[in-house]
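Novice: If you scroll down you'll find the structure; I have some questions about it.
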Amino acid sequence: MIKRLFIFLVLIMTAVIFLDLAVNYRENVSLSPLGYYYADAGPGELGAANLVTAVVVTYRGLDTLGEVTVLFISAAGVGLLLRRERKSGSGDGDGGDAVMSRHRPSSEIVETATELLLPMVILFGIYVFLNGHLSPGGGFQGGAIIASGTMFLLLALPESHISRLLISIIESLSGFGYVVVGVLGVMLAGGFLDNRIMSLGTFGSLFSAGAIPLIYIFIGLKVGFELSAVLDRFREDTDRS
Amino acid sequence: MTGLPISVITLSTGLGLILIGLWGLLTQRNIIRMIVGFSLLDTGIHMVMVSIGYVTGGTAPIIDATVPAAQAAARVVDPVPSALVLTAIVIGLGVTAVMLSFAVRIHQTKKTLDIEECTESRW
């Protein structure tokens, strides 16, 4: 009973804290000075049509590097928590056939649809992260779409094998490439992760905005493969228990 | 009277989600439900952040034919909260994945998802 009272109190207090925000909320009529600078100078300075991308990848690029690191650490944490214990279980490393055959095969409709749609899903993911500087989207979104393609594959064909080695190679290389582009920014342009190491190109075309598409390709690959690895970990784990 | 502005609707929905999520975190005993509560709390905070960045009549901060670069600063919403929320969503995803794998692990060792069974770290 006393616990419920406390919970009620906590909720009321949180509501009071936020009530002030809600009651005194007035819509902004103009941008904040920082937002104004980004919106005003951003297109000319960085050549990115999508201002959010300009903020995420260049103005706040260091935060994004930290964000990618957090995602990497959480993927590593999932891998650590759900790692396969070789001592117990059937003994063979690749997941015994006895375990795998417990799966009911998915219906032909699901399998055919996957074969048909999977390339398109992955292509769409690549499109989204290649056009991150022009349209809504970007590396994280594109990576998530690619990972959803992996999810699709795992749902339809649970026995399909995803190469752990390939995933870790691509992931490490793209993470490394991201940092290399950042360091090149220090040497060739204004600072860490400056996108003006390549020519800004024609505003609004695919090959524009300097290094932003390059960075988003790295982020997209990294996020996509990282999330695929996480999904694969969860899949293996349901096999075991 | 043209009704509530869109930012007020998203702001109050966000606040509601924060309260529902917090309630779920505090009252539920099933770990999966607590994780759902956390995700609701997370989403609520994102909605509040995005609505704070809204500018009356503003459009998405993307320069194209309808929003030329010269008028950008006058016509777009604040790109900074959007960028921060993008970061926050990704980190929330990472945290949720780790929480879920903890839940899987706890279920393997204890054969239950009840948080009351996890008495080792209780004080």
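Order determines the names: the first chain of the structure tokens is A, the second B, and so forth; residues in each chain are numbered 1 upward, and ligands are numbered 1 upward as they are shown.
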Neighbours of segment 9-17 of chain B within 12 Å (only C-alpha atoms; same-chain residues fewer than 3 positions away dropped), as a PyMOL selection string?

Specialist: (chain A and resi 11+14-27) or (chain B and resi 3-6+20-24+36-54)

Novice: Report as JSON lines the residues of chain A within 6 Å of chain B, each with its shortest atom pair and distance in Å (one decimal), using only C-alpha atoms, ordered by chain and increasing residue number.

Specialist:
{"residue": "A:Asn28", "atom": "CA", "partner": "B:Val55", "partner_atom": "CA", "distance": 4.7}
{"residue": "A:Val29", "atom": "CA", "partner": "B:Thr56", "partner_atom": "CA", "distance": 5.3}
{"residue": "A:Leu31", "atom": "CA", "partner": "B:Asp78", "partner_atom": "CA", "distance": 5.8}
{"residue": "A:Gly35", "atom": "CA", "partner": "B:Asp78", "partner_atom": "CA", "distance": 5.3}
{"residue": "A:Tyr36", "atom": "CA", "partner": "B:Ala73", "partner_atom": "CA", "distance": 5.6}
{"residue": "A:Ala39", "atom": "CA", "partner": "B:Ala73", "partner_atom": "CA", "distance": 4.9}
{"residue": "A:Asp40", "atom": "CA", "partner": "B:Ala73", "partner_atom": "CA", "distance": 5.1}
{"residue": "A:Ala49", "atom": "CA", "partner": "B:Ile63", "partner_atom": "CA", "distance": 4.8}
{"residue": "A:Asn50", "atom": "CA", "partner": "B:Ile62", "partner_atom": "CA", "distance": 4.3}
{"residue": "A:Leu51", "atom": "CA", "partner": "B:Pro61", "partner_atom": "CA", "distance": 5.5}
{"residue": "A:Val52", "atom": "CA", "partner": "B:Pro79", "partner_atom": "CA", "distance": 5.2}
{"residue": "A:Val56", "atom": "CA", "partner": "B:Ala83", "partner_atom": "CA", "distance": 5.6}
{"residue": "A:Leu71", "atom": "CA", "partner": "B:Gly94", "partner_atom": "CA", "distance": 5.4}
{"residue": "A:Ser74", "atom": "CA", "partner": "B:Gly94", "partner_atom": "CA", "distance": 5.3}
{"residue": "A:Val78", "atom": "CA", "partner": "B:Val98", "partner_atom": "CA", "distance": 5.4}

Novice: Which residues are near segment 156-158 of chain A? Cut-off 7 Å, only C-alpha atoms, ignore same chain within fewer than 5 positions. Put them as a list of chain:residue names.

Specialist: A:Ser106, A:Val110, A:Glu111, A:Thr114

Novice: Got time to write the residues from that selection, N, CA and C atoms, as a PDB file, in the first residue's frame?

Specialist:
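This went into selection.pdb:
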ATOM      1  N   SER A 106       8.775 -22.093 -42.882  1.00  0.00           N
ATOM      2  CA  SER A 106       7.755 -21.088 -43.180  1.00  0.00           C
ATOM      3  C   SER A 106       7.062 -21.450 -44.486  1.00  0.00           C
ATOM      4  N   VAL A 110       5.528 -16.986 -47.781  1.00  0.00           N
ATOM      5  CA  VAL A 110       6.482 -16.133 -47.067  1.00  0.00           C
ATOM      6  C   VAL A 110       7.859 -16.243 -47.696  1.00  0.00           C
ATOM      7  N   GLU A 111       8.260 -17.482 -48.028  1.00  0.00           N
ATOM      8  CA  GLU A 111       9.594 -17.650 -48.597  1.00  0.00           C
ATOM      9  C   GLU A 111       9.733 -16.950 -49.942  1.00  0.00           C
ATOM     10  N   THR A 114       9.844 -13.250 -49.544  1.00  0.00           N
ATOM     11  CA  THR A 114      11.152 -12.789 -49.062  1.00  0.00           C
ATOM     12  C   THR A 114      12.144 -12.723 -50.203  1.00  0.00           C
TER      13      THR A 114
END

Novice: I'd like the contact shell of segment 175-185 of chain A - 8 Å cut-off, only C-alpha atoms, skipping same-chain residues fewer than 5 positions apart - returned as a ChimeraX atom specification.

Specialist: /A:190-197,211,215,218-219,222

Novice: List every residue of chain B that DSSP, applied to the backbone, labels as strand (DSSP E or B), and write the result as a PyMOL selection string.

Specialist: chain B and resi 30+55+59+62+76+114

Novice: I need the residues in segment 141-201 of chain A that are alpha helix (DSSP H) according to DSSP; give them as a VMD selection string.

Specialist: chain A and resid 141 to 156 164 to 188

Novice: Convert the current residue selection to file output with C-alpha atoms, as a short mmCIF file (atom, residue, chain, number, x, y, z; two decimals), in the first residue's frame.

Specialist:
data_model
loop_
_atom_site.label_atom_id
_atom_site.label_comp_id
_atom_site.auth_asym_id
_atom_site.auth_seq_id
_atom_site.Cartn_x
_atom_site.Cartn_y
_atom_site.Cartn_z
CA GLN A 141 17.67 5.14 -41.04
CA GLY A 142 19.17 3.33 -44.03
CA GLY A 143 21.03 0.99 -41.71
CA ALA A 144 17.81 0.23 -39.83
CA ILE A 145 16.07 -0.57 -43.13
CA ILE A 146 18.86 -2.97 -44.09
CA ALA A 147 18.60 -4.60 -40.67
CA SER A 148 14.84 -4.95 -41.16
CA GLY A 149 15.69 -6.82 -44.36
CA THR A 150 17.82 -9.16 -42.26
CA MET A 151 14.91 -9.55 -39.85
CA PHE A 152 12.72 -10.47 -42.81
CA LEU A 153 15.25 -13.08 -43.91
CA LEU A 154 15.51 -14.55 -40.42
CA LEU A 155 11.74 -14.76 -40.09
CA ALA A 156 11.21 -16.44 -43.44
CA ARG A 164 29.75 -13.49 -38.41
CA LEU A 165 33.17 -12.88 -39.94
CA LEU A 166 31.80 -10.85 -42.85
CA ILE A 167 29.73 -8.78 -40.45
CA SER A 168 32.65 -7.98 -38.20
CA ILE A 169 34.96 -7.17 -41.12
CA ILE A 170 32.51 -4.75 -42.74
CA GLU A 171 31.61 -3.22 -39.41
CA SER A 172 35.21 -2.63 -38.36
CA LEU A 173 36.21 -1.28 -41.76
CA SER A 174 33.35 1.19 -41.89
CA GLY A 175 33.96 2.33 -38.32
CA PHE A 176 37.63 2.77 -39.16
CA GLY A 177 36.76 4.63 -42.38
CA TYR A 178 34.54 7.01 -40.45
CA VAL A 179 37.35 7.95 -38.08
CA VAL A 180 39.83 8.24 -40.98
CA VAL A 181 37.50 10.70 -42.75
CA GLY A 182 37.27 12.63 -39.48
CA VAL A 183 41.06 12.81 -39.12
CA LEU A 184 41.42 13.81 -42.79
CA GLY A 185 39.15 16.72 -41.91
CA VAL A 186 41.73 17.91 -39.38
CA MET A 187 44.54 17.67 -41.91
CA LEU A 188 42.86 18.98 -45.07
#

Novice: May I have the residues within 7 Å of Asn30 of chain B as a ChimeraX atom specification, using only C-alpha atoms and disregarding those fewer than 4 positions away in the same chain?

Specialist: /B:34,113-115

Novice: Restrict the selected residues to C-alpha atoms and save them as a compact mmCIF listing (two decimals), in the first residue's frame.

Specialist:
# COMPACT_ATOMS: atom_id res chain seq x y z
CA MET B 34 9.08 -2.72 -17.85
CA LEU B 113 10.57 -12.84 -16.01
CA ASP B 114 9.34 -11.61 -12.64
CA ILE B 115 11.56 -8.84 -11.30

Novice: Which residue gives the smallest distance to Tyr38 of chain A among A:Val55, A:Leu80, A:Ala209, A:Met13, with only C-alpha atoms counted?

Specialist: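 Closest candidate: A:Val55.
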
Novice: Name all residues at most 9 Å from Asp232 of chain A (count only C-alpha atoms; drop same-chain ones fewer than 2 positions away) and give them as a list of chain:residue names.

Specialist: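 Selected residues are A:Thr150, A:Met151, A:Leu154, A:Ile162, A:Leu227, A:Ser228, A:Ala229, A:Val230, A:Phe234, A:Arg235, A:Glu236, A:Asp237.
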